[in-house]
>>> print(open('input-v7.csv').read())   # CSV, C-alpha atoms
chain,number,residue,atom,x,y,z
Y,4,MET,CA,0.0,0.0,0.0
Y,5,LYS,CA,1.2,3.5,-0.8
Y,6,LYS,CA,2.3,5.4,2.3
Y,7,LYS,CA,0.4,8.5,3.3
Y,8,ARG,CA,2.3,11.7,2.8
Y,9,ILE,CA,3.1,14.2,5.5
Y,10,LEU,CA,4.9,17.5,5.3
Y,11,ALA,CA,7.5,18.2,7.9
Y,12,VAL,CA,8.6,21.8,8.4
Y,13,ALA,CA,11.3,23.5,10.4
Y,14,SER,CA,13.7,26.4,10.2
Y,15,ILE,CA,17.4,25.7,9.9
Y,16,GLY,CA,19.3,25.1,13.2
Y,17,GLY,CA,17.9,23.5,16.3
Y,18,HIS,CA,14.3,23.4,15.0
Y,19,TRP,CA,15.5,21.3,12.0
Y,20,ILE,CA,17.6,19.0,14.1
Y,21,GLN,CA,14.7,18.4,16.5
Y,22,LEU,CA,12.3,17.8,13.6
Y,23,LEU,CA,14.5,15.1,12.1
Y,24,ARG,CA,14.7,13.2,15.4
Y,25,ILE,CA,10.9,13.0,15.3
Y,26,THR,CA,10.3,12.4,11.5
Y,27,LYS,CA,13.1,9.9,10.8
Y,28,PRO,CA,11.3,7.1,12.8
Y,29,LEU,CA,8.0,8.2,11.1
Y,30,GLU,CA,9.5,7.6,7.6
Y,31,GLU,CA,8.8,3.9,8.1
Y,32,PHE,CA,5.1,4.7,8.1
Y,33,TYR,CA,4.7,7.8,6.0
Y,34,GLU,CA,6.3,9.5,3.0
Y,35,VAL,CA,7.8,12.5,4.6
Y,36,VAL,CA,8.3,15.6,2.5
Y,37,TYR,CA,10.5,18.3,4.0
Y,38,LEU,CA,10.3,22.1,4.0
Y,39,SER,CA,13.0,24.2,5.6
Y,40,THR,CA,14.6,27.6,5.4
Y,41,ASN,CA,17.9,26.8,3.8
Y,42,SER,CA,18.7,24.6,0.8
Y,43,LYS,CA,21.7,23.2,2.6
Y,44,CYS,CA,19.3,21.3,5.0
Y,45,GLN,CA,18.6,18.9,2.2
Y,46,SER,CA,22.0,17.2,2.7
Y,47,LEU,CA,20.5,15.5,5.8
Y,48,VAL,CA,17.4,14.1,3.9
Y,49,PRO,CA,18.9,13.2,0.5
Y,50,GLU,CA,16.2,10.5,-0.1
Y,51,ASN,CA,13.2,12.7,0.5
Y,52,LYS,CA,11.3,15.3,-1.5
Y,53,PHE,CA,12.6,18.7,-0.2
Y,54,PHE,CA,11.6,22.3,-0.6
Y,55,HIS,CA,12.9,25.5,1.0
Y,56,ILE,CA,11.6,28.9,1.7
Y,57,GLN,CA,13.1,32.2,2.6
Y,58,ASP,CA,13.7,32.4,6.4
Y,59,PHE,CA,12.0,35.2,8.3
Y,60,ASN,CA,11.2,36.2,11.9
Y,61,ARG,CA,9.6,39.1,13.7
Y,62,TRP,CA,12.6,41.2,12.6
Y,63,SER,CA,12.2,40.5,8.9
Y,64,ILE,CA,8.4,39.8,8.6
Y,65,TRP,CA,8.3,41.2,5.0
Y,66,GLN,CA,10.1,38.0,3.9
Y,67,ALA,CA,6.9,36.1,4.8
Y,68,ILE,CA,5.3,37.2,1.5
Y,69,PRO,CA,7.4,35.1,-0.9
Y,70,ALA,CA,7.4,32.3,1.7
Y,71,THR,CA,3.6,32.3,1.7
Y,72,ILE,CA,3.4,31.9,-2.1
Y,73,LYS,CA,5.9,29.0,-2.0
Y,74,ILE,CA,4.1,27.3,0.9
Y,75,LEU,CA,0.8,27.5,-1.0
Y,76,PHE,CA,2.6,25.9,-4.0
Y,77,VAL,CA,4.1,23.1,-1.9
Y,78,LEU,CA,0.8,22.3,-0.1
Y,79,LEU,CA,-1.1,22.2,-3.4
Y,80,PHE,CA,1.6,20.1,-5.1
Y,81,ILE,CA,2.2,17.7,-2.2
Y,82,ARG,CA,-1.3,17.5,-0.7
Y,83,PRO,CA,-0.1,16.1,2.6
Y,84,LYS,CA,-2.4,14.3,5.1
Y,85,ALA,CA,-0.8,16.2,7.9
Y,86,VAL,CA,1.7,19.1,8.5
Y,87,ILE,CA,4.0,18.7,11.4
Y,88,THR,CA,6.4,21.4,12.6
Y,89,THR,CA,8.9,22.2,15.4
Y,90,GLY,CA,8.8,25.9,14.5
Y,91,ALA,CA,9.7,28.7,14.3
Y,92,ALA,CA,7.8,31.5,12.5
Y,93,PRO,CA,8.0,29.8,9.0
Y,94,GLY,CA,6.6,26.6,10.6
Y,95,LEU,CA,3.8,28.6,12.1
Y,96,LEU,CA,3.0,30.3,8.8
Y,97,THR,CA,2.8,26.8,7.1
Y,98,LEU,CA,0.6,25.6,9.8
Y,99,ILE,CA,-1.8,28.5,9.4
Y,100,ILE,CA,-2.1,28.0,5.6
Y,101,ALA,CA,-2.4,24.2,6.0
Y,102,ARG,CA,-5.3,24.8,8.4
Y,103,MET,CA,-7.1,26.8,5.7
Y,104,PHE,CA,-6.9,23.8,3.4
Y,105,PHE,CA,-8.4,21.5,6.1
Y,106,ILE,CA,-5.1,19.6,6.6
Y,107,ASN,CA,-4.3,18.1,10.0
Y,108,THR,CA,-1.8,20.4,11.7
Y,109,ILE,CA,0.6,19.4,14.5
Y,110,TRP,CA,2.9,21.8,16.4
Y,111,ILE,CA,5.7,20.5,18.6
Y,112,ASP,CA,7.2,23.3,20.6
Y,113,SER,CA,11.0,23.4,20.7
Y,114,ILE,CA,12.7,21.8,23.7
Y,115,ALA,CA,14.5,25.1,24.2
Y,116,ASN,CA,11.3,26.5,25.7
Y,117,VAL,CA,11.5,25.2,29.2
Y,118,LYS,CA,9.5,27.8,31.1
Y,119,ARG,CA,6.8,28.8,28.7
Y,120,LEU,CA,5.7,28.1,25.2
Y,121,SER,CA,7.6,29.9,22.4
Y,122,SER,CA,5.8,33.0,21.1
Y,123,SER,CA,5.0,31.2,17.8
Y,124,GLY,CA,3.8,28.2,20.0
Y,125,LYS,CA,1.4,30.5,21.8
Y,126,ILE,CA,-0.2,31.4,18.4
Y,127,ALA,CA,0.0,27.8,17.3
Y,128,ARG,CA,-1.9,26.8,20.4
Y,129,LYS,CA,-5.0,28.7,19.0
Y,130,ILE,CA,-4.6,27.3,15.5
Y,131,ALA,CA,-3.1,23.8,15.4
Y,132,HIS,CA,-5.2,20.7,15.7
Y,133,LYS,CA,-2.7,19.3,18.2
Y,134,ILE,CA,0.1,21.0,20.2
Y,135,TYR,CA,2.8,19.4,22.2
Y,136,THR,CA,5.3,20.7,24.6
Y,137,GLN,CA,8.5,18.8,25.5
Y,138,TRP,CA,8.3,19.6,29.2
Y,139,PRO,CA,5.6,18.1,31.4
Y,140,ASN,CA,5.4,21.3,33.5
Y,141,LEU,CA,4.0,23.2,30.5
Y,142,VAL,CA,1.0,20.9,30.0
Y,143,ASP,CA,-2.5,22.6,30.1
Y,144,ASP,CA,-6.0,21.9,28.7
Y,145,LYS,CA,-4.8,22.2,25.1
Y,146,VAL,CA,-1.0,21.5,25.3
Y,147,LYS,CA,0.0,17.9,25.6
Y,148,TYR,CA,3.2,16.1,26.6
Y,149,ALA,CA,4.0,12.8,25.0
Y,150,GLY,CA,7.8,12.7,25.3
Y,151,ASN,CA,10.7,14.7,23.9
Y,152,ILE,CA,13.4,14.7,21.2
Y,153,PHE,CA,16.1,13.5,23.6
Y,154,GLY,CA,14.2,10.2,23.7
Y,155,ASP,CA,14.2,10.1,27.5
C,24,MET,CA,40.6,21.1,18.8
C,25,ILE,CA,38.0,23.3,20.4
C,26,PHE,CA,35.0,24.2,18.3
C,27,CYS,CA,33.0,27.3,19.1
C,28,THR,CA,29.6,27.8,17.5
C,29,ILE,CA,27.1,30.5,17.9
C,30,GLY,CA,24.4,29.4,15.4
C,31,THR,CA,23.3,31.1,12.3
C,32,GLN,CA,20.7,33.6,13.6
C,33,ALA,CA,22.6,36.5,15.1
C,34,PRO,CA,26.1,37.7,16.0
C,35,PHE,CA,27.5,36.9,19.4
C,36,ASP,CA,30.6,39.0,19.7
C,37,ARG,CA,30.8,38.9,23.5
C,38,MET,CA,31.5,35.2,23.5
C,39,LEU,CA,33.9,35.4,20.5
C,40,LYS,CA,35.9,38.2,22.2
C,41,ILE,CA,36.3,36.1,25.4
C,42,ILE,CA,37.4,33.1,23.4
C,43,ASP,CA,39.9,35.1,21.4
C,44,GLU,CA,41.3,36.6,24.6
C,45,ILE,CA,42.1,33.2,26.2
C,46,ALA,CA,43.1,31.4,23.0
C,47,PRO,CA,46.9,32.2,23.5
C,48,LEU,CA,46.6,30.2,26.8
C,49,ILE,CA,45.2,27.2,25.1
C,50,ASP,CA,47.6,24.6,23.6
C,51,GLU,CA,45.3,23.4,20.9
C,52,GLU,CA,43.6,24.8,17.8
C,53,VAL,CA,40.5,26.9,18.3
C,54,ILE,CA,38.0,27.2,15.5
C,55,ALA,CA,35.0,29.6,15.8
C,56,GLN,CA,32.0,29.8,13.6
C,57,VAL,CA,31.3,33.5,13.2
C,58,TYR,CA,28.2,35.4,12.0
C,59,LYS,CA,28.3,39.1,11.0
C,60,THR,CA,31.0,39.8,13.5
C,61,ASP,CA,32.3,43.3,14.0
C,62,VAL,CA,35.3,42.4,16.0
C,63,LYS,CA,38.8,41.5,14.8
C,64,LEU,CA,39.6,38.1,16.1
C,65,LYS,CA,43.4,37.6,16.2
C,66,ASN,CA,44.1,34.4,17.9
C,67,ILE,CA,41.5,31.9,16.6
C,68,ARG,CA,40.6,30.5,13.2
C,69,THR,CA,37.2,31.6,12.0
C,70,VAL,CA,34.8,29.9,9.7
C,71,ASP,CA,31.6,31.4,8.2
C,72,PHE,CA,28.3,29.7,7.4
C,73,LEU,CA,28.8,25.9,7.3
C,74,SER,CA,26.6,23.4,5.6
C,75,PRO,CA,25.3,20.6,7.9
C,76,THR,CA,27.9,18.3,6.4
C,77,GLU,CA,30.8,20.7,6.9
C,78,PHE,CA,29.5,21.5,10.4
C,79,ASN,CA,29.4,17.8,11.3
C,80,GLU,CA,33.0,17.2,10.1
C,81,ILE,CA,34.4,20.0,12.3
C,82,PHE,CA,32.1,19.0,15.2
C,83,ASN,CA,33.2,15.4,15.0
C,84,SER,CA,36.9,16.1,15.2
C,85,ALA,CA,36.5,18.6,18.1
C,86,ARG,CA,37.6,17.6,21.6
C,87,LEU,CA,35.4,20.2,23.2
C,88,ILE,CA,32.4,22.3,22.1
C,89,VAL,CA,31.8,25.8,23.3
C,90,ALA,CA,28.5,27.2,22.2
C,91,HIS,CA,25.5,29.5,22.8
C,92,ALA,CA,22.5,27.8,24.3
C,93,GLY,CA,21.2,26.6,20.9
C,94,MET,CA,19.4,23.3,21.0
C,95,GLY,CA,20.9,22.1,17.7
C,96,THR,CA,24.4,22.3,19.1
C,97,ILE,CA,23.4,20.8,22.5
C,98,ILE,CA,21.7,17.9,20.8
C,99,SER,CA,24.7,17.3,18.5
C,100,ALA,CA,27.1,17.3,21.5
C,101,LEU,CA,24.9,14.9,23.4
C,102,VAL,CA,24.5,12.5,20.5
C,103,ARG,CA,28.2,12.5,19.6
C,104,GLN,CA,29.4,12.3,23.2
C,105,LYS,CA,31.3,15.6,23.2
C,106,PRO,CA,31.8,17.7,26.3
C,107,ILE,CA,30.1,21.0,25.8
C,108,ILE,CA,30.2,24.3,27.6
C,109,ILE,CA,27.1,26.5,27.2
C,110,PHE,CA,27.4,30.3,27.3
C,111,PRO,CA,23.9,31.6,27.0
C,112,ARG,CA,23.0,34.7,24.9
C,113,ILE,CA,21.4,37.5,26.9
C,114,ALA,CA,18.5,39.3,25.2
C,115,SER,CA,18.9,42.4,27.3
C,116,LEU,CA,22.3,42.8,25.6
C,117,GLY,CA,20.7,42.5,22.2
C,118,GLU,CA,22.0,39.0,21.7
C,119,HIS,CA,18.6,37.3,21.1
C,120,ARG,CA,14.9,38.1,20.8
C,121,ASN,CA,14.0,36.8,24.2
C,122,GLU,CA,15.7,35.4,27.3
C,123,HIS,CA,15.0,31.8,26.7
C,124,GLN,CA,18.7,30.9,26.3
C,125,LEU,CA,19.2,31.6,30.0
C,126,ALA,CA,16.3,29.3,31.0
C,127,THR,CA,17.4,26.6,28.5
C,128,ALA,CA,21.0,26.7,29.9
C,129,GLU,CA,19.8,26.6,33.5
C,130,LYS,CA,17.5,23.6,32.7
C,131,MET,CA,20.2,21.7,30.9
C,132,LYS,CA,22.6,22.3,33.7
C,133,ALA,CA,20.0,21.2,36.3
C,134,LEU,CA,19.5,18.0,34.4
C,135,GLY,CA,23.3,17.5,34.5
C,136,TYR,CA,23.6,17.3,30.7
C,137,VAL,CA,26.1,20.2,30.0
C,138,TYR,CA,28.6,22.6,31.6
C,139,VAL,CA,27.3,26.2,31.8
C,140,ALA,CA,29.3,29.5,32.1
C,141,GLN,CA,27.4,32.6,32.9
C,142,ASN,CA,30.2,35.1,32.6
C,143,ALA,CA,33.8,35.6,31.2
C,144,ASP,CA,35.5,34.3,34.3
C,145,GLU,CA,33.4,31.1,34.4
C,146,LEU,CA,33.9,30.5,30.7
C,147,LYS,CA,37.7,30.9,31.0
C,148,ASP,CA,37.9,28.6,34.0
C,149,LEU,CA,35.9,25.9,32.2
C,150,ILE,CA,37.8,26.1,28.9
C,151,LEU,CA,41.2,25.9,30.6
C,152,LYS,CA,40.1,22.8,32.6
C,153,LYS,CA,41.5,19.7,31.0
C,154,ASP,CA,39.2,17.2,32.5
C,155,LEU,CA,35.8,18.0,31.0
C,156,VAL,CA,33.8,14.9,29.9
C,157,PRO,CA,30.6,14.3,28.0
C,158,LEU,CA,28.0,14.4,30.8
C,159,HIS,CA,25.0,12.7,29.1
C,160,LYS,CA,24.2,10.5,26.2
C,161,ILE,CA,20.9,10.7,24.3
C,162,LYS,CA,19.2,8.2,22.0
C,163,ASP,CA,19.1,8.5,18.2
C,164,TYR,CA,15.5,9.6,18.0
C,165,ALA,CA,12.7,11.2,20.0
C,166,SER,CA,10.7,9.3,22.6
C,167,GLU,CA,8.8,6.3,21.3
C,168,SER,CA,5.8,7.5,23.2
C,169,LEU,CA,5.9,10.8,21.1
C,170,ILE,CA,6.3,8.9,17.8
C,171,ASN,CA,3.3,6.6,18.7
C,172,GLU,CA,1.2,9.5,19.7
C,173,LEU,CA,1.9,11.2,16.4
C,174,LYS,CA,1.1,8.1,14.5
C,175,SER,CA,-2.3,7.8,16.2
C,176,VAL,CA,-3.0,11.5,15.5
C,177,ILE,CA,-2.0,11.4,11.8
C,178,GLY,CA,-3.7,8.1,11.3
>>> encode(input="input-v7.csv", output="structure tokens")
Amino acid sequence: MKKKRILAVASIGGHWIQLLRITKPLEEFYEVVYLSTNSKCQSLVPENKFFHIQDFNRWSIWQAIPATIKILFVLLFIRPKAVITTGAAPGLLTLIIARMFFINTIWIDSIANVKRLSSSGKIARKIAHKIYTQWPNLVDDKVKYAGNIFGD
Amino acid sequence: MIFCTIGTQAPFDRMLKIIDEIAPLIDEEVIAQVYKTDVKLKNIRTVDFLSPTEFNEIFNSARLIVAHAGMGTIISALVRQKPIIIFPRIASLGEHRNEHQLATAEKMKALGYVYVAQNADELKDLILKKDLVPLHKIKDYASESLINELKSVIG
């Protein structure tokens, strides 16, 4: 049977490394397509379909415009069953657009956020179908804990 | 070799200056990954943006890692069993968007996973110590419970 497709999204750096620790074991069950913010990230997923968008954050929010167009293209082309992201802002944007297309959306807040959810995570909390923290002390009525990227 | 990395998001000259200052006291090579730095670094070898593959090569051959409190670097050190000293960025000094690196560093130290230096003196003392060891080893992937949860959510 053909594997279901999911789109996995993360910015370069810690977000990307955390994402791979989650999606690599999922590749056994799904066709994982990757979206990141730097083309060099592809070297760690050479076997997978890979796209990249311009990185942006609160300091460079205008860069979100070309990113939005590319995300729309990727979602329409890939038609994933779910979008899963570890952040940051580009992951949140993908999640928002995916939600408008009725795609299942999953936010996993970075393990760096030990005291409170990230600022993107707080927005994702209102938008994503499922949101996970990697610290049990940050669980609430919407935010779940199911483990972390350390594998502890 | 000591590898210093500050990520690819913002400059971190305060850390690089301290490293450059103590480099003459260190009897091994020091390589630092820099990002839009304004300071002249005289005593250390600097490298610019690295692809993940290049990063891995340098990282793997390092004896000790000195880094900002970026999770990518912390995870890499824990996976590869490298001793790592964390020197957190301070947002009030314009080094990051928020103070989460202080909290991250504190938590990682409390778990006993990494060495943490909060100021120049602590950083110097730790770097000049010869007996730093990898403090913790993590598995290859995220928790099985998280993977199973995601499988049931995605269907």
>>> interface_residues(input="input-v7.csv", of="chain C", to="chain Y", cutoff="10 Å", atoms="only C-alpha atoms", output="JSON, numbers by chain")
{"C": [30, 31, 32, 73, 74, 75, 76, 92, 93, 94, 95, 96, 97, 98, 99, 101, 102, 120, 121, 123, 124, 125, 126, 127, 128, 129, 130, 131, 160, 161, 162, 163, 164, 165, 166, 167, 168, 169, 170, 171, 172, 173, 174, 176, 177, 178]}
>>> closest_residue(input="input-v7.csv", among="Y:Ile81, Y:Ile99, Y:Ile72, Y:Ala13", to="Lys129 in chain Y", atoms="only C-alpha atoms")
Y:Ile99
>>> closest_residue(input="input-v7.csv", among="Y:Ala131, Y:Val36, Y:Met4, Y:Val12", to="Ala91 in chain Y", atoms="only C-alpha atoms")
Y:Val12
>>> residues_around(input="input-v7.csv", residues="Phe76 in chain Y", least_positions_apart="3", cutoff="12 Å", atoms="only C-alpha atoms", output="number ranges by chain")
Y: 38, 54-56, 69-73, 79-82, 97, 100-101
>>> closest_atom_pairs(input="input-v7.csv", of="range 117-173 of chain C", to="range 42-48 of chain C", cutoff="12 Å", atoms="only C-alpha atoms", output="CSV")
residue,atom,partner,partner_atom,distance
C:Asn142,CA,C:Ile42,CA,11.9
C:Ala143,CA,C:Ile42,CA,8.9
C:Asp144,CA,C:Ile45,CA,10.5
C:Glu145,CA,C:Ile42,CA,11.9
C:Leu146,CA,C:Ile42,CA,8.5
C:Lys147,CA,C:Ile45,CA,6.9
C:Asp148,CA,C:Ile45,CA,10.0
C:Leu149,CA,C:Ile45,CA,11.3
C:Ile150,CA,C:Ile45,CA,8.7
C:Leu151,CA,C:Leu48,CA,7.9
C:Lys152,CA,C:Leu48,CA,11.4
>>> atom_distance(input="input-v7.csv", atom1="CA of Arg128 in chain Y", atom2="CA of Leu95 in chain Y")
10.2 Å
>>> atom_distance(input="input-v7.csv", atom1="CA of Phe59 in chain Y", atom2="CA of Val77 in chain Y")
17.7 Å
>>> atom_distance(input="input-v7.csv", atom1="CA of Val137 in chain C", atom2="CA of Leu158 in chain C")
6.2 Å
>>> closest_residue(input="input-v7.csv", among="Y:Glu31, Y:Phe53, Y:Ile68, Y:Val48", to="Pro93 in chain Y", atoms="only C-alpha atoms")
Y:Ile68
>>> residues_around(input="input-v7.csv", residues="Phe82 in chain C", least_positions_apart="4", cutoff="10 Å", atoms="only C-alpha atoms", output="JSON, numbers by chain")
{"C": [24, 25, 26, 27, 28, 76, 77, 78, 86, 87, 88, 96, 99, 100, 103, 105]}
>>> closest_residue(input="input-v7.csv", among="C:Ala33, C:Asn79, C:Asp154, C:Phe110", to="Tyr58 in chain C", atoms="only C-alpha atoms")
C:Ala33
>>> closest_residue(input="input-v7.csv", among="Y:Val35, Y:Ser14, Y:Leu78, Y:Trp65", to="Ile106 in chain Y", atoms="all atoms listed in the file")
Y:Leu78
>>> decode(input="input-v7.csv", residues="range 131-145 of chain C", atoms="C-alpha atoms", output="PDB file, in the first residue's frame")
ATOM      1  CA  MET C 131      20.228  21.673  30.870  1.00  0.00           C
ATOM      2  CA  LYS C 132      22.626  22.290  33.738  1.00  0.00           C
ATOM      3  CA  ALA C 133      20.043  21.193  36.314  1.00  0.00           C
ATOM      4  CA  LEU C 134      19.539  17.960  34.362  1.00  0.00           C
ATOM      5  CA  GLY C 135      23.315  17.493  34.471  1.00  0.00           C
ATOM      6  CA  TYR C 136      23.634  17.349  30.662  1.00  0.00           C
ATOM      7  CA  VAL C 137      26.077  20.218  30.006  1.00  0.00           C
ATOM      8  CA  TYR C 138      28.578  22.627  31.556  1.00  0.00           C
ATOM      9  CA  VAL C 139      27.303  26.216  31.784  1.00  0.00           C
ATOM     10  CA  ALA C 140      29.274  29.464  32.084  1.00  0.00           C
ATOM     11  CA  GLN C 141      27.389  32.649  32.930  1.00  0.00           C
ATOM     12  CA  ASN C 142      30.244  35.142  32.576  1.00  0.00           C
ATOM     13  CA  ALA C 143      33.753  35.610  31.164  1.00  0.00           C
ATOM     14  CA  ASP C 144      35.535  34.264  34.252  1.00  0.00           C
ATOM     15  CA  GLU C 145      33.443  31.116  34.420  1.00  0.00           C
TER      16      GLU C 145
END
